[in-house]
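Trainee: First, the structure itself, so that you have it in front of you.
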Amino acid sequence: MSQRPVVVVGDLGVDVVVRAGAVPSRGGDTPSLIDQTVGGAGGNSASWLAAYAVPVVLVARVGDDPAGRLVRDDLERSGVSGVLAVDPTRPTCTVVSVVEPGGERSMLSDRGASGALVPGDIDLDAALAAVPPGVLGVPHLHLSGFVLLSESSRAAGRYALAEARRRGWSTSVDPQASNLVVKAGGSTFLEWVRGTDLLLPNAAELDALGGIEAALASATEVVVTRGADGAGWVTRDEDWSVRAERVEVVDTTGCGDAFNAGLLAAWCAGASRQYALRVGVGAGALAASQVGSRPLRDG
């Protein structure tokens, strides 16, 4: 099997992960463990793809600040090539993730520079130039739904999908947040991604989109993640499913991003849907068993 290059378009930033000792009480003080790590849905998926030895390029926008320099340096150490616009005024994206006992998390997000991504930042020629020499095959573009769900960056997301399709690339989209899909309108979101090869919602996002039939009317195939219950891959004619392995859940931040990377790494290398599901579910389980949204690195 040959590995196709993957271009990821999405957020890159800093995560502040708060592991609460109990469910936070309003107005109270909850002892917690707090870690600052690199994050952003786009950066997460790109880093996991690199961990699977996929030639990957991230297209994103960061601030001209210490956090921006931190995430750029970390991206390079992860083996991800970056086509990164630097915003002169907005800060680098920051997300506070509050993880309750049991692993469930809630996010507080300031997209900052990521929210200012514009079509002019989507330079797919530069992305291809950043792919290592000798990598063959039709490129794949993966888009984080956060780009579409923010009005300020939506045009960039829609342009990325349209330009990738014009070039004959395959495409995938993760809706990312059910509450934001509900706010935008499920049918509206599906119109934005019409013609996408793979739509990658979780179960709540699929409900927000109007269900599997509505999703399949917009995307060619749909892959649904179900947390501890695994994932399923549905086409108009067939469906496959894989159960998740049982792990001690530490932090669910970035599990979906890791799943996307594992699945795309296998699928873009020509693997079967069933095998790609297994790899994706395994990546998601690994992410859930550790703190932070990126694969652990030696040193």
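Residues are named by chain letter and number: chains run A, B, ... in the order of the structure tokens, numbers start at 1 in each chain, and ligands are numbered from 1 in the order shown.
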If you take only C-alpha atoms and a cut-off of 10 Å, which residues of stretch 91-183 of chain A touch stretch 265-277 of chain A, and what are their nearest atom pairs and distances in Å to one decimal, in chain and number order, as CSV?

Mentor:
residue,atom,partner,partner_atom,distance
A:Gly137,CA,A:Cys268,CA,9.1
A:Val138,CA,A:Cys268,CA,9.1
A:Pro139,CA,A:Cys268,CA,8.7
A:His140,CA,A:Cys268,CA,7.5
A:Ser170,CA,A:Cys268,CA,9.3

Trainee: What's around A:Val147 at 9 Å? Count only C-alpha atoms, leave out sequence neighbours fewer than 2 positions away in its own chain, and write the answer as a PyMOL selection string.

Mentor: chain A and resi 9-11+114-115+117+143-145+149-158

Trainee: Using the chain letters and numbers from this document, which residues of stretch 12-205 of chain A does DSSP assign to alpha helix (DSSP H), as a PyMOL selection string?

Mentor: chain A and resi 41-51+66-77+124-129+145-149+154-166+178-184+186-192+203-205

Trainee: Between atom CA of A:Asp207 and atom CA of A:Val182, what is the spacing in Å?

Mentor: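 Spanning atom CA of A:Val182 to atom CA of A:Asp207 is a straight-line distance of 9.3 Å.
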
Trainee: Between A:Asp197, A:Glu221, A:Glu205, A:Asp15, which is the closest to A:Thr253 once you count only C-alpha atoms?

Mentor: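 Among the listed residues, A:Asp15 lies closest to A:Thr253.
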
Trainee: If you count only C-alpha atoms, which residues fall within 9 Å of stretch 28-35 of chain A, apart from same-chain ones fewer than 6 positions away, as a count of residues only?

Mentor: 10

Trainee: Show me, as JSON lines, the residues of stretch 15-50 of chain A having an atom within 8 Å of stretch 73-85 of chain A, each with the closest atom pair and its distance in Å, using only C-alpha atoms.

Mentor:
{"residue": "A:Val38", "atom": "CA", "partner": "A:Asp74", "partner_atom": "CA", "distance": 7.6}
{"residue": "A:Gly43", "atom": "CA", "partner": "A:Leu75", "partner_atom": "CA", "distance": 7.4}
{"residue": "A:Ala46", "atom": "CA", "partner": "A:Val80", "partner_atom": "CA", "distance": 6.6}
{"residue": "A:Ser47", "atom": "CA", "partner": "A:Ser78", "partner_atom": "CA", "distance": 5.9}
{"residue": "A:Ala50", "atom": "CA", "partner": "A:Gly79", "partner_atom": "CA", "distance": 5.9}

Trainee: Selection from above, C-alpha atoms, as a short mmCIF file (atom, residue, chain, number, x, y, z; two decimals), in the first residue's frame, can you write it?

Mentor:
data_model
loop_
_atom_site.label_atom_id
_atom_site.label_comp_id
_atom_site.auth_asym_id
_atom_site.auth_seq_id
_atom_site.Cartn_x
_atom_site.Cartn_y
_atom_site.Cartn_z
CA VAL A 38 -0.33 22.23 22.64
CA GLY A 43 -2.87 20.43 15.02
CA ALA A 46 -1.96 16.43 12.00
CA SER A 47 0.29 15.31 14.88
CA ALA A 50 2.58 12.14 11.65
#

Trainee: Rank nothing, just name the residue among A:Lys183, A:Arg105, A:Arg278, A:Arg167 nearest to A:Val249, using only C-alpha atoms.

Mentor: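 Residue with the minimum atom-to-atom distance to A:Val249: A:Arg105.
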
Trainee: Within stretch 151-287 of chain A, find each residue whose DSSP state, derived from the backbone, is strand (DSSP E), and express the selection as a list in words.

Mentor: Ser170, Thr171, Ser172, Val173, Asp174, Leu198, Leu199, Glu221, Val222, Val223, Val224, Thr225, Ala231, Gly232, Trp233, Val234, Asp239, Trp240, Ser241 and Val242 of chain A

Trainee: Output the selection as a compact mmCIF listing (two decimals), in the first residue's frame - all heavy atoms for each residue.

Mentor:
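As a result, again.txt now contains:
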# COMPACT_ATOMS: atom_id res chain seq x y z
N SER A 170 -9.40 13.83 -2.59
CA SER A 170 -10.46 13.35 -1.72
C SER A 170 -10.54 14.28 -0.51
O SER A 170 -9.58 15.00 -0.18
CB SER A 170 -10.21 11.91 -1.28
OG SER A 170 -8.94 11.78 -0.66
N THR A 171 -11.69 14.28 0.18
CA THR A 171 -11.91 15.22 1.28
C THR A 171 -12.62 14.55 2.44
O THR A 171 -13.37 13.58 2.26
CB THR A 171 -12.75 16.42 0.82
OG1 THR A 171 -13.99 15.94 0.28
CG2 THR A 171 -12.02 17.24 -0.22
N SER A 172 -12.41 15.09 3.63
CA SER A 172 -13.15 14.65 4.82
C SER A 172 -13.39 15.85 5.71
O SER A 172 -12.61 16.82 5.71
CB SER A 172 -12.39 13.56 5.58
OG SER A 172 -11.10 13.99 5.97
N VAL A 173 -14.46 15.79 6.50
CA VAL A 173 -14.82 16.87 7.43
C VAL A 173 -15.29 16.25 8.74
O VAL A 173 -16.11 15.33 8.74
CB VAL A 173 -15.94 17.77 6.87
CG1 VAL A 173 -16.32 18.85 7.89
CG2 VAL A 173 -15.52 18.41 5.55
N ASP A 174 -14.78 16.77 9.85
CA ASP A 174 -15.29 16.43 11.18
C ASP A 174 -16.11 17.61 11.67
O ASP A 174 -15.58 18.71 11.83
CB ASP A 174 -14.12 16.16 12.14
CG ASP A 174 -14.58 15.76 13.53
OD1 ASP A 174 -15.73 16.03 13.90
OD2 ASP A 174 -13.77 15.16 14.27
N LEU A 198 -15.88 11.90 2.94
CA LEU A 198 -16.08 11.30 4.26
C LEU A 198 -16.55 12.37 5.23
O LEU A 198 -15.86 13.38 5.43
CB LEU A 198 -14.79 10.68 4.79
CG LEU A 198 -14.18 9.49 4.05
CD1 LEU A 198 -12.89 9.05 4.76
CD2 LEU A 198 -15.16 8.34 3.98
N LEU A 199 -17.69 12.14 5.88
CA LEU A 199 -18.14 12.98 6.96
C LEU A 199 -17.94 12.20 8.26
O LEU A 199 -18.33 11.04 8.35
CB LEU A 199 -19.62 13.34 6.77
CG LEU A 199 -20.21 14.39 7.71
CD1 LEU A 199 -19.49 15.73 7.55
CD2 LEU A 199 -21.71 14.57 7.43
N GLU A 221 -19.84 9.08 2.09
CA GLU A 221 -19.81 8.07 3.14
C GLU A 221 -19.73 8.77 4.49
O GLU A 221 -19.23 9.90 4.59
CB GLU A 221 -18.62 7.12 2.94
CG GLU A 221 -18.62 6.48 1.55
CD GLU A 221 -17.52 5.45 1.36
OE1 GLU A 221 -17.05 4.88 2.35
OE2 GLU A 221 -17.14 5.21 0.19
N VAL A 222 -20.23 8.10 5.53
CA VAL A 222 -20.28 8.68 6.87
C VAL A 222 -19.66 7.71 7.86
O VAL A 222 -20.00 6.52 7.87
CB VAL A 222 -21.73 9.00 7.29
CG1 VAL A 222 -21.76 9.59 8.70
CG2 VAL A 222 -22.38 9.97 6.30
N VAL A 223 -18.75 8.22 8.68
CA VAL A 223 -18.14 7.44 9.76
C VAL A 223 -18.58 8.05 11.08
O VAL A 223 -18.33 9.23 11.32
CB VAL A 223 -16.61 7.43 9.65
CG1 VAL A 223 -16.00 6.59 10.78
CG2 VAL A 223 -16.17 6.88 8.29
N VAL A 224 -19.23 7.26 11.92
CA VAL A 224 -19.81 7.76 13.17
C VAL A 224 -19.04 7.18 14.35
O VAL A 224 -18.92 5.96 14.47
CB VAL A 224 -21.29 7.37 13.31
CG1 VAL A 224 -21.90 8.06 14.53
CG2 VAL A 224 -22.06 7.72 12.05
N THR A 225 -18.52 8.04 15.22
CA THR A 225 -17.87 7.57 16.44
C THR A 225 -18.87 7.57 17.58
O THR A 225 -19.72 8.44 17.69
CB THR A 225 -16.66 8.45 16.81
OG1 THR A 225 -17.07 9.83 16.86
CG2 THR A 225 -15.56 8.29 15.78
N ALA A 231 -17.15 2.57 16.70
CA ALA A 231 -17.47 3.43 15.55
C ALA A 231 -18.08 2.59 14.44
O ALA A 231 -17.92 1.37 14.39
CB ALA A 231 -16.21 4.13 15.05
N GLY A 232 -18.77 3.27 13.54
CA GLY A 232 -19.36 2.60 12.39
C GLY A 232 -19.12 3.39 11.12
O GLY A 232 -18.99 4.62 11.15
N TRP A 233 -19.03 2.68 10.00
CA TRP A 233 -18.81 3.30 8.69
C TRP A 233 -20.01 2.94 7.82
O TRP A 233 -20.33 1.78 7.65
CB TRP A 233 -17.53 2.75 8.07
CG TRP A 233 -17.01 3.47 6.87
CD1 TRP A 233 -17.72 3.90 5.78
CD2 TRP A 233 -15.65 3.85 6.62
NE1 TRP A 233 -16.89 4.52 4.87
CE2 TRP A 233 -15.62 4.50 5.36
CE3 TRP A 233 -14.47 3.68 7.34
CZ2 TRP A 233 -14.44 4.99 4.80
CZ3 TRP A 233 -13.29 4.17 6.78
CH2 TRP A 233 -13.28 4.82 5.53
N VAL A 234 -20.69 3.96 7.28
CA VAL A 234 -21.94 3.73 6.56
C VAL A 234 -21.85 4.33 5.16
O VAL A 234 -21.43 5.48 4.98
CB VAL A 234 -23.13 4.37 7.30
CG1 VAL A 234 -24.45 4.03 6.60
CG2 VAL A 234 -23.17 3.92 8.76
N ASP A 239 -22.76 -1.14 5.67
CA ASP A 239 -22.20 -0.52 6.86
C ASP A 239 -21.33 -1.53 7.60
O ASP A 239 -21.55 -2.74 7.52
CB ASP A 239 -23.28 0.05 7.78
CG ASP A 239 -24.22 -1.01 8.31
OD1 ASP A 239 -23.86 -1.64 9.32
OD2 ASP A 239 -25.30 -1.20 7.72
N TRP A 240 -20.33 -1.00 8.31
CA TRP A 240 -19.39 -1.78 9.08
C TRP A 240 -19.31 -1.18 10.47
O TRP A 240 -19.53 0.02 10.63
CB TRP A 240 -17.99 -1.76 8.44
CG TRP A 240 -17.91 -2.31 7.07
CD1 TRP A 240 -17.48 -3.54 6.68
CD2 TRP A 240 -18.25 -1.62 5.85
NE1 TRP A 240 -17.54 -3.67 5.31
CE2 TRP A 240 -18.01 -2.51 4.78
CE3 TRP A 240 -18.74 -0.33 5.56
CZ2 TRP A 240 -18.24 -2.15 3.45
CZ3 TRP A 240 -18.98 0.02 4.25
CH2 TRP A 240 -18.72 -0.88 3.21
N SER A 241 -18.95 -1.97 11.47
CA SER A 241 -18.79 -1.42 12.81
C SER A 241 -17.66 -2.12 13.53
O SER A 241 -17.33 -3.28 13.22
CB SER A 241 -20.08 -1.54 13.63
OG SER A 241 -20.43 -2.91 13.79
N VAL A 242 -17.05 -1.40 14.48
CA VAL A 242 -15.94 -1.92 15.28
C VAL A 242 -16.18 -1.50 16.72
O VAL A 242 -16.51 -0.34 16.99
CB VAL A 242 -14.58 -1.38 14.78
CG1 VAL A 242 -13.47 -1.66 15.79
CG2 VAL A 242 -14.23 -1.99 13.43

Trainee: Would you mind listing what lies within 6 Å of A:Val62 as a count of residues only, with only C-alpha atoms counted and same-chain residues fewer than 2 positions away left out?

Mentor: 5

Trainee: Just give me the gap between atom CA of A:Trp48 and atom CA of A:Gly256 in Å, one decimal is fine.

Mentor: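 Rounded to one decimal, the two atoms are 10.9 Å apart.
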
Trainee: For A:Gly185, please output as a list in words all residues within 12 Å (counting only C-alpha atoms; exclusion window: fewer than 6 positions along the same chain).

Mentor: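 My list of contacting residues is Leu149, Pro175, Ser178, Asn179, Glu191, Trp192, Glu205, Asp207, Ala208, Leu209 and Gly210 of chain A.
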
Trainee: Keeping only N, CA and C atoms, write the selected residues as a compact mmCIF listing (two decimals), in the first residue's frame.

Mentor:
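Saved result, selection.txt, follows:
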# COMPACT_ATOMS: atom_id res chain seq x y z
N LEU A 149 -17.78 26.43 11.42
CA LEU A 149 -18.77 26.83 12.41
C LEU A 149 -18.55 28.23 12.96
N PRO A 175 -17.43 17.44 11.94
CA PRO A 175 -18.25 18.57 12.40
C PRO A 175 -17.79 19.17 13.74
N SER A 178 -21.46 19.37 18.49
CA SER A 178 -22.89 19.23 18.22
C SER A 178 -23.66 20.51 18.54
N ASN A 179 -23.30 21.19 19.64
CA ASN A 179 -24.05 22.39 20.01
C ASN A 179 -23.87 23.50 18.96
N GLU A 191 -25.11 21.53 3.80
CA GLU A 191 -24.97 22.23 2.53
C GLU A 191 -23.54 22.75 2.36
N TRP A 192 -22.93 23.21 3.45
CA TRP A 192 -21.54 23.69 3.37
C TRP A 192 -20.60 22.58 2.94
N GLU A 205 -23.29 14.66 17.12
CA GLU A 205 -23.21 15.52 15.94
C GLU A 205 -24.08 14.98 14.81
N ASP A 207 -26.85 13.31 15.16
CA ASP A 207 -28.22 13.70 15.51
C ASP A 207 -28.47 15.16 15.15
N ALA A 208 -27.51 16.03 15.45
CA ALA A 208 -27.66 17.45 15.16
C ALA A 208 -27.75 17.70 13.66
N LEU A 209 -27.14 16.83 12.86
CA LEU A 209 -27.18 16.97 11.40
C LEU A 209 -28.48 16.44 10.80
N GLY A 210 -29.26 15.75 11.61
CA GLY A 210 -30.53 15.22 11.10
C GLY A 210 -30.55 13.74 10.84

Trainee: In Å, how far is it from atom CA of A:Ile122 to atom CA of A:Ala160?

Mentor: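 It comes out at 6.3 Å.
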